[in-house]
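What follows is the content of final-v5.txt, which has compact mmCIF, C-alpha atoms and all ligand atoms:
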```txt
# COMPACT_ATOMS: atom_id res chain seq x y z
CA MET R 1 84.10 -51.99 92.11
CA THR R 2 85.82 -49.99 89.35
CA THR R 3 84.72 -46.44 88.52
CA THR R 4 83.48 -47.65 85.15
CA GLU R 5 81.33 -50.34 86.77
CA LYS R 6 79.93 -47.81 89.29
CA THR R 7 79.05 -45.37 86.49
CA ARG R 8 77.33 -48.18 84.64
CA LEU R 9 75.23 -49.07 87.70
CA ASP R 10 74.35 -45.40 88.29
CA LEU R 11 73.06 -45.20 84.74
CA ALA R 12 71.04 -48.42 84.87
CA PRO R 13 67.74 -46.77 86.00
CA PHE R 14 67.73 -44.61 82.85
CA TYR R 15 67.65 -47.72 80.68
CA ARG R 16 64.84 -49.61 82.44
CA GLN R 17 61.47 -49.95 80.77
CA ASP R 18 58.58 -47.97 82.27
CA LYS R 19 55.97 -50.71 82.26
CA GLY R 20 53.29 -48.23 83.40
CA MET R 21 53.65 -46.07 80.30
CA THR R 22 50.37 -44.91 78.71
CA SER R 23 49.35 -42.95 75.61
CA LEU R 24 49.98 -39.73 77.55
CA VAL R 25 53.62 -38.84 78.23
CA SER R 26 55.39 -35.84 79.68
CA TYR R 27 59.09 -35.27 80.25
CA PRO R 28 59.43 -31.82 81.83
CA GLU R 29 63.23 -32.07 82.17
CA ARG R 30 65.23 -33.18 79.14
CA CYS R 31 67.50 -36.14 79.84
CA SER R 32 70.99 -34.88 79.06
CA LEU R 33 72.47 -38.35 78.39
CA TRP R 34 71.34 -38.41 74.77
CA GLY R 35 71.59 -36.09 71.77
CA ASP R 36 72.31 -32.39 71.94
CA ALA R 37 69.89 -30.04 73.68
CA ARG R 38 71.32 -27.16 71.61
CA TYR R 39 70.16 -28.75 68.35
CA ARG R 40 66.84 -27.07 67.63
CA GLY R 41 63.88 -29.43 67.50
CA ASN R 42 65.83 -32.23 69.21
CA CYS R 43 63.74 -34.66 71.24
CA ASP R 44 64.16 -36.23 74.65
CA GLY R 45 65.22 -39.87 74.22
CA ARG R 46 62.81 -41.43 76.72
CA LEU R 47 59.84 -42.02 74.45
CA PHE R 48 62.10 -43.62 71.84
CA LYS R 49 63.73 -45.81 74.51
CA GLU R 50 60.35 -46.93 75.85
CA LEU R 51 59.13 -47.96 72.40
CA VAL R 52 62.33 -49.84 71.55
CA LEU R 53 62.04 -51.81 74.80
CA ARG R 54 58.28 -52.36 74.56
CA TYR R 55 58.56 -53.79 71.04
CA GLY R 56 61.71 -55.75 71.82
CA ALA R 57 63.38 -54.30 68.73
CA ARG R 58 66.69 -55.91 67.72
CA SER R 59 67.35 -53.68 64.72
CA VAL R 60 66.55 -49.96 64.76
CA ALA R 61 66.86 -47.17 62.19
CA ASP R 62 66.47 -43.38 62.27
CA PRO R 63 66.85 -41.62 58.90
CA MET R 64 66.49 -38.09 60.38
CA MET R 65 68.67 -38.49 63.44
CA GLY R 66 69.54 -34.78 63.84
CA SER R 67 71.81 -34.47 66.87
CA GLY R 68 71.95 -38.25 67.40
CA THR R 69 69.49 -38.75 70.26
CA THR R 70 68.44 -42.22 69.07
CA ARG R 71 72.03 -43.28 68.38
CA ASP R 72 73.01 -42.34 71.93
CA VAL R 73 70.02 -44.13 73.49
CA ILE R 74 70.88 -47.35 71.68
CA ALA R 75 74.58 -47.09 72.59
CA GLY R 76 73.53 -46.66 76.24
CA LEU R 77 71.01 -49.50 76.16
CA ASN R 78 73.57 -51.81 74.62
CA GLN R 79 75.69 -51.58 77.77
CA PHE R 80 72.94 -53.47 79.59
CA LEU R 81 71.90 -56.03 76.98
CA PRO R 82 73.44 -59.46 76.39
CA GLU R 83 73.07 -58.97 72.60
CA PRO R 84 73.48 -55.44 71.20
CA ILE R 85 70.65 -53.81 69.28
CA GLU R 86 71.75 -52.98 65.74
CA TYR R 87 71.44 -49.34 64.82
CA TRP R 88 71.55 -47.35 61.61
CA GLY R 89 71.04 -43.61 61.60
CA SER R 90 71.66 -40.75 59.23
CA ASP R 91 70.41 -37.29 58.30
CA LEU R 92 70.55 -34.78 55.48
CA ARG R 93 73.31 -33.03 57.43
CA HIS R 94 75.38 -36.20 56.86
CA GLY R 95 74.51 -36.24 53.14
CA TYR R 96 71.62 -38.73 53.28
CA ASP R 97 68.37 -37.63 51.59
CA LEU R 98 65.42 -39.75 52.69
CA ALA R 99 63.21 -38.28 49.97
CA THR R 100 65.33 -39.98 47.30
CA THR R 101 67.28 -42.79 49.00
CA ASP R 102 66.13 -46.06 50.57
CA LEU R 103 67.20 -47.01 54.08
CA PRO R 104 69.80 -49.77 54.10
CA GLY R 105 68.48 -53.15 55.24
CA ARG R 106 65.26 -54.11 57.04
CA HIS R 107 64.51 -53.19 60.63
CA ASP R 108 62.18 -54.08 63.52
CA PHE R 109 61.71 -50.46 64.42
CA VAL R 110 62.04 -47.27 62.40
CA TRP R 111 61.78 -43.91 64.18
CA ILE R 112 61.45 -40.84 62.00
CA HIS R 113 61.27 -37.40 63.58
CA PRO R 114 60.74 -35.06 60.63
CA PRO R 115 60.77 -31.26 60.56
CA TYR R 116 57.33 -29.90 61.47
CA TRP R 117 57.23 -28.29 58.02
CA ASN R 118 58.91 -24.85 58.23
CA ILE R 119 58.59 -24.19 61.95
CA ILE R 120 62.40 -24.65 62.31
CA ARG R 121 64.63 -24.25 59.25
CA TYR R 122 67.45 -26.81 59.47
CA SER R 123 69.48 -25.77 56.43
CA ASP R 124 69.29 -24.08 53.04
CA ASP R 125 69.59 -27.39 51.20
CA PRO R 126 66.61 -27.64 48.80
CA ALA R 127 66.31 -31.33 49.80
CA ASP R 128 65.63 -30.27 53.40
CA LEU R 129 61.95 -30.75 54.19
CA SER R 130 62.01 -27.62 56.32
CA THR R 131 62.72 -25.44 53.25
CA ILE R 132 59.63 -26.52 51.32
CA GLU R 133 57.52 -23.49 50.44
CA THR R 134 53.95 -24.77 50.43
CA TYR R 135 52.18 -27.19 52.75
CA PRO R 136 50.77 -29.45 49.96
CA GLU R 137 54.30 -29.92 48.64
CA PHE R 138 55.68 -30.63 52.13
CA ARG R 139 52.88 -33.16 52.74
CA ALA R 140 53.68 -34.99 49.50
CA VAL R 141 57.43 -35.21 50.24
CA LEU R 142 56.79 -36.25 53.85
CA ALA R 143 54.47 -39.01 52.62
CA ARG R 144 57.22 -40.24 50.28
CA CYS R 145 59.71 -40.28 53.18
CA LEU R 146 57.29 -42.15 55.46
CA ARG R 147 56.50 -44.77 52.80
CA ARG R 148 60.22 -45.35 52.39
CA CYS R 149 60.54 -45.93 56.16
CA ALA R 150 57.59 -48.35 56.16
CA ALA R 151 59.18 -50.27 53.29
CA ALA R 152 62.31 -50.77 55.43
CA LEU R 153 60.40 -52.68 58.13
CA VAL R 154 60.34 -56.43 58.58
CA PRO R 155 56.81 -57.92 58.75
CA GLY R 156 55.46 -57.10 62.24
CA GLY R 157 57.91 -54.18 62.54
CA ARG R 158 56.90 -50.77 63.85
CA LEU R 159 57.13 -47.30 62.42
CA ALA R 160 57.03 -44.45 64.97
CA VAL R 161 56.48 -40.88 63.76
CA PRO R 162 56.83 -38.11 66.34
CA VAL R 163 55.10 -35.11 64.83
CA GLY R 164 53.42 -31.87 65.86
CA ASP R 165 50.83 -29.62 64.32
CA VAL R 166 51.71 -26.08 63.36
CA ARG R 167 49.94 -22.80 63.99
CA ARG R 168 51.40 -19.87 62.16
CA LYS R 169 49.94 -16.44 61.48
CA GLY R 170 46.60 -17.67 62.78
CA SER R 171 46.26 -20.68 60.51
CA TYR R 172 46.39 -24.25 61.86
CA THR R 173 48.16 -26.97 59.88
CA PRO R 174 47.23 -30.44 61.18
CA ILE R 175 50.28 -32.45 60.09
CA VAL R 176 49.24 -35.38 62.28
CA ARG R 177 45.92 -35.67 60.41
CA ASP R 178 47.83 -36.13 57.18
CA VAL R 179 50.16 -38.72 58.72
CA LEU R 180 47.16 -40.68 60.05
CA ARG R 181 45.60 -40.62 56.59
CA LEU R 182 48.56 -42.62 55.26
CA GLU R 183 47.15 -45.75 56.90
CA PRO R 184 47.12 -48.45 55.53
CA ASP R 185 50.12 -47.58 53.29
CA LEU R 186 52.32 -47.21 56.39
CA GLY R 187 50.84 -50.32 58.05
CA GLU R 188 48.11 -50.69 60.63
CA LEU R 189 47.65 -47.79 63.04
CA ARG R 190 48.43 -49.09 66.55
CA SER R 191 48.98 -46.06 68.81
CA VAL R 192 48.59 -42.31 68.97
CA ILE R 193 50.69 -41.09 71.88
CA ILE R 194 50.24 -37.53 73.14
CA LYS R 195 53.38 -35.89 74.47
CA ALA R 196 53.28 -32.66 76.46
CA GLN R 197 55.65 -30.00 75.11
CA HIS R 198 57.95 -28.22 77.53
CA ASN R 199 60.54 -25.49 77.21
CA CYS R 200 59.42 -24.28 73.77
CA ARG R 201 60.91 -21.06 72.43
CA SER R 202 57.35 -19.78 72.08
CA ASP R 203 56.96 -20.05 75.89
CA SER R 204 58.44 -16.56 76.12
CA PHE R 205 55.62 -15.07 73.98
CA GLY R 206 52.51 -13.58 75.57
CA TYR R 207 49.55 -15.85 74.85
CA ALA R 208 46.75 -13.81 76.41
CA ALA R 209 46.01 -11.88 73.23
CA MET R 210 45.76 -15.00 71.05
CA GLU R 211 42.35 -15.91 69.71
CA ASP R 212 43.03 -19.67 69.96
CA VAL R 213 44.77 -21.70 72.64
CA PRO R 214 48.51 -22.29 72.22
CA ILE R 215 49.67 -25.76 71.16
CA LYS R 216 51.44 -27.48 74.07
CA HIS R 217 51.49 -31.06 72.87
CA GLU R 218 52.77 -33.18 70.03
CA TYR R 219 52.10 -36.76 68.93
CA CYS R 220 53.88 -39.99 68.26
CA VAL R 221 51.95 -42.13 65.79
CA VAL R 222 52.88 -45.82 65.63
CA PHE R 223 52.09 -48.14 62.71
CA LYS R 224 52.69 -51.88 62.49
CA ARG R 225 53.68 -53.50 59.21
CA LEU R 226 51.36 -56.39 58.46
CA SER R 227 52.32 -57.16 54.87
CA PRO R 228 55.21 -59.56 54.09
C1 LIG E 301 63.18 -32.67 64.11
S1 LIG E 301 64.83 -32.83 63.53
C2 LIG E 301 65.35 -34.38 64.25
C3 LIG E 301 65.91 -34.16 65.64
C4 LIG E 301 66.41 -35.42 66.32
N1 LIG E 301 65.32 -36.30 66.68
C5 LIG E 301 67.20 -35.06 67.56
O1 LIG E 301 66.82 -35.43 68.68
O2 LIG E 301 68.22 -34.37 67.43
C6 LIG E 301 64.57 -33.19 61.83
C7 LIG E 301 65.80 -33.55 61.04
O3 LIG E 301 65.41 -33.86 59.69
C8 LIG E 301 66.53 -33.62 58.87
N2 LIG E 301 66.10 -33.62 57.47
C9 LIG E 301 65.39 -32.69 56.78
N3 LIG E 301 65.18 -33.07 55.52
C10 LIG E 301 65.76 -34.29 55.37
C11 LIG E 301 65.88 -35.22 54.28
N4 LIG E 301 65.38 -34.95 53.06
N5 LIG E 301 66.55 -36.40 54.50
C12 LIG E 301 67.09 -36.67 55.73
N6 LIG E 301 67.02 -35.82 56.79
C13 LIG E 301 66.36 -34.66 56.62
C14 LIG E 301 67.07 -32.29 59.39
O4 LIG E 301 68.43 -32.12 59.04
C15 LIG E 301 66.86 -32.45 60.91
O5 LIG E 301 68.05 -32.88 61.54
```
Please, can you express the file's structure as structure tokens?
Amino acid sequence: MTTTEKTRLDLAPFYRQDKGMTSLVSYPERCSLWGDARYRGNCDGRLFKELVLRYGARSVADPMMGSGTTRDVIAGLNQFLPEPIEYWGSDLRHGYDLATTDLPGRHDFVWIHPPYWNIIRYSDDPADLSTIETYPEFRAVLARCLRRCAAALVPGGRLAVPVGDVRRKGSYTPIVRDVLRLEPDLGELRSVIIKAQHNCRSDSFGYAAMEDVPIKHEYCVVFKRLSP
């Protein structure tokens, strides 16, 4: 067996579907195979991988790919598939503005992991959603971005939106509520997955003095396109 073949076999378990997956997920250790852990707000690739496999997606897009987690998952999966999954990904940091520009082509699965408003500032570009001053304005631009993603689905295709709520200076901003309210424009709501949050920067803060409980979860909302 060549070293390359051995490496491929060692990696195979990472690319198998977890058929026991439920609406509650938790990945305490980040899988280092995909994306860049140093990129703030990056996500672990396992939830994305599970959804791609569950829906049998053949064409996948991510218009806010950040450090490239989804790109790396698909490249890894493709080593084990007879026919490669097609992938398109971009980000404002590569010059692509989802608020103004359609995704190329139509896809079975679109994953969009937006900034959770201004909780992490990604750049000083005014097109960056994380620079938007007020929540109503952010909500409107996010809705425009999500509608554009839904429009890039084939009929029966899925839109997955990992998103978290924000608590800042005592006030709670329920971003997920506003994403859920975009049904039916984004398609039919099919899943709300709860994902435990681990290794947050805020873990180092003292929580005891807080009036309300700290947020330790985020969501992944999945819509299915029904219209032709
Ligand atoms: C939460 S991060 C995505 C992280 C990614 N899932 C990963 O694992 O690395 C959100 C991304 O949205 C991008 N972004 C912000 N505004 C954008 C826009 N108008 N168009 C495209 N991308 C945008 C940011 O540059 C940032 O990389």
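Take the candidates R:Asp125, R:Leu53, R:Ala99, R:Phe80 and check each one against Leu9 of chain R using all atoms listed in the file; the shortest distance goes to R:Phe80.
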Self-check item: Shell around Arg106 of chain R at 8 Å using all atoms listed in the file, local window under 5 positions removed, as a PyMOL selection string
Solution: chain R and resi 59+152-154
Chain R residues near ligand LIG 301 (chain E) within 9 Å, closest pair each, using only C-alpha atoms and all ligand atoms, as a Markdown table:
```
| residue | atom | partner | partner_atom | distance |
| --- | --- | --- | --- | --- |
| R:Trp34 | CA | E:LIG301 | O1 | 8.1 |
| R:Gly35 | CA | E:LIG301 | O1 | 5.7 |
| R:Asp36 | CA | E:LIG301 | O2 | 6.4 |
| R:Ala37 | CA | E:LIG301 | O2 | 7.8 |
| R:Arg38 | CA | E:LIG301 | O2 | 8.9 |
| R:Tyr39 | CA | E:LIG301 | O2 | 6.0 |
| R:Arg40 | CA | E:LIG301 | S1 | 7.4 |
| R:Gly41 | CA | E:LIG301 | C1 | 4.7 |
| R:Asn42 | CA | E:LIG301 | O1 | 3.4 |
| R:Cys43 | CA | E:LIG301 | O1 | 4.1 |
| R:Asp44 | CA | E:LIG301 | O1 | 6.6 |
| R:Gly45 | CA | E:LIG301 | O1 | 7.3 |
| R:Asp62 | CA | E:LIG301 | N1 | 8.4 |
| R:Pro63 | CA | E:LIG301 | C12 | 5.9 |
| R:Met64 | CA | E:LIG301 | N6 | 4.3 |
| R:Met65 | CA | E:LIG301 | C4 | 4.8 |
| R:Gly66 | CA | E:LIG301 | O5 | 3.3 |
| R:Ser67 | CA | E:LIG301 | O2 | 3.6 |
| R:Gly68 | CA | E:LIG301 | O2 | 5.4 |
| R:Thr69 | CA | E:LIG301 | O1 | 4.5 |
| R:Thr70 | CA | E:LIG301 | O1 | 7.0 |
| R:Ser90 | CA | E:LIG301 | C12 | 7.1 |
| R:Asp91 | CA | E:LIG301 | N6 | 4.0 |
| R:Leu92 | CA | E:LIG301 | N6 | 3.9 |
| R:Arg93 | CA | E:LIG301 | O4 | 5.2 |
| R:His94 | CA | E:LIG301 | O4 | 8.3 |
| R:Gly95 | CA | E:LIG301 | C12 | 7.9 |
| R:Tyr96 | CA | E:LIG301 | C12 | 5.5 |
| R:Asp97 | CA | E:LIG301 | N5 | 3.6 |
| R:Leu98 | CA | E:LIG301 | N5 | 4.0 |
| R:Ala99 | CA | E:LIG301 | N4 | 5.0 |
| R:Thr100 | CA | E:LIG301 | N4 | 7.6 |
| R:Thr101 | CA | E:LIG301 | N5 | 8.5 |
| R:Trp111 | CA | E:LIG301 | N1 | 8.8 |
| R:Ile112 | CA | E:LIG301 | N1 | 7.6 |
| R:His113 | CA | E:LIG301 | C2 | 5.1 |
| R:Pro114 | CA | E:LIG301 | C6 | 4.4 |
| R:Pro115 | CA | E:LIG301 | C6 | 4.4 |
| R:Tyr116 | CA | E:LIG301 | C1 | 7.0 |
| R:Ile120 | CA | E:LIG301 | C1 | 8.3 |
| R:Arg121 | CA | E:LIG301 | C14 | 8.4 |
| R:Tyr122 | CA | E:LIG301 | O4 | 5.4 |
| R:Ser123 | CA | E:LIG301 | O4 | 6.9 |
| R:Asp125 | CA | E:LIG301 | N3 | 8.4 |
| R:Pro126 | CA | E:LIG301 | N4 | 8.5 |
| R:Ala127 | CA | E:LIG301 | N4 | 5.0 |
| R:Asp128 | CA | E:LIG301 | N3 | 3.5 |
| R:Leu129 | CA | E:LIG301 | N3 | 4.2 |
| R:Ser130 | CA | E:LIG301 | C9 | 6.1 |
| R:Thr131 | CA | E:LIG301 | N3 | 8.3 |
| R:Val141 | CA | E:LIG301 | N4 | 8.4 |
| R:Leu142 | CA | E:LIG301 | N4 | 8.7 |
| R:Cys145 | CA | E:LIG301 | N4 | 7.8 |
| R:Pro162 | CA | E:LIG301 | C1 | 8.7 |
| R:Val163 | CA | E:LIG301 | C1 | 8.5 |
```
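The gap separating atom CA of Val60 of chain R from atom CA of Gly156 of chain R is 13.4 Å, in Å to one decimal.
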Quiz item: Which neighbours of Pro13 of chain R fall inside 12 Å, counting all atoms listed in the file, when residues of the same chain fewer than 4 positions from it are skipped, and could you give them as a count of residues only?
Solution: 9
Quick one: everything within 12 Å of Ala143 of chain R, counting all atoms listed in the file, minus sequence neighbours fewer than 2 positions away in the same chain. Send it as a CSV table (one decimal) with C-alpha atoms, in the frame of the given file.
```
chain,number,residue,atom,x,y,z
R,98,LEU,CA,65.4,-39.8,52.7
R,99,ALA,CA,63.2,-38.3,50.0
R,112,ILE,CA,61.4,-40.8,62.0
R,114,PRO,CA,60.7,-35.1,60.6
R,129,LEU,CA,62.0,-30.8,54.2
R,136,PRO,CA,50.8,-29.4,50.0
R,137,GLU,CA,54.3,-29.9,48.6
R,138,PHE,CA,55.7,-30.6,52.1
R,139,ARG,CA,52.9,-33.2,52.7
R,140,ALA,CA,53.7,-35.0,49.5
R,141,VAL,CA,57.4,-35.2,50.2
R,145,CYS,CA,59.7,-40.3,53.2
R,146,LEU,CA,57.3,-42.2,55.5
R,147,ARG,CA,56.5,-44.8,52.8
R,148,ARG,CA,60.2,-45.4,52.4
R,149,CYS,CA,60.5,-45.9,56.2
R,150,ALA,CA,57.6,-48.4,56.2
R,161,VAL,CA,56.5,-40.9,63.8
R,175,ILE,CA,50.3,-32.4,60.1
R,176,VAL,CA,49.2,-35.4,62.3
R,178,ASP,CA,47.8,-36.1,57.2
R,179,VAL,CA,50.2,-38.7,58.7
R,180,LEU,CA,47.2,-40.7,60.0
R,181,ARG,CA,45.6,-40.6,56.6
R,182,LEU,CA,48.6,-42.6,55.3
R,183,GLU,CA,47.2,-45.8,56.9
R,185,ASP,CA,50.1,-47.6,53.3
R,186,LEU,CA,52.3,-47.2,56.4
```
Practice problem: Excluding Tyr219 of chain R and residues on its chain fewer than 6 positions from it, collect all residues at most 7 Å away from it, counting only C-alpha atoms, and give them as a list in words. | Solution: Pro162, Val163, Gly164, Val192, Ile193, Ile194 and Lys195 of chain R
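Interatomic distance, atom CA of Val25 of chain R against atom CA of His107 of chain R: 25.2 Å.
Between atom CA of Pro28 of chain R and atom CA of Arg58 of chain R lies a distance of 28.8 Å.
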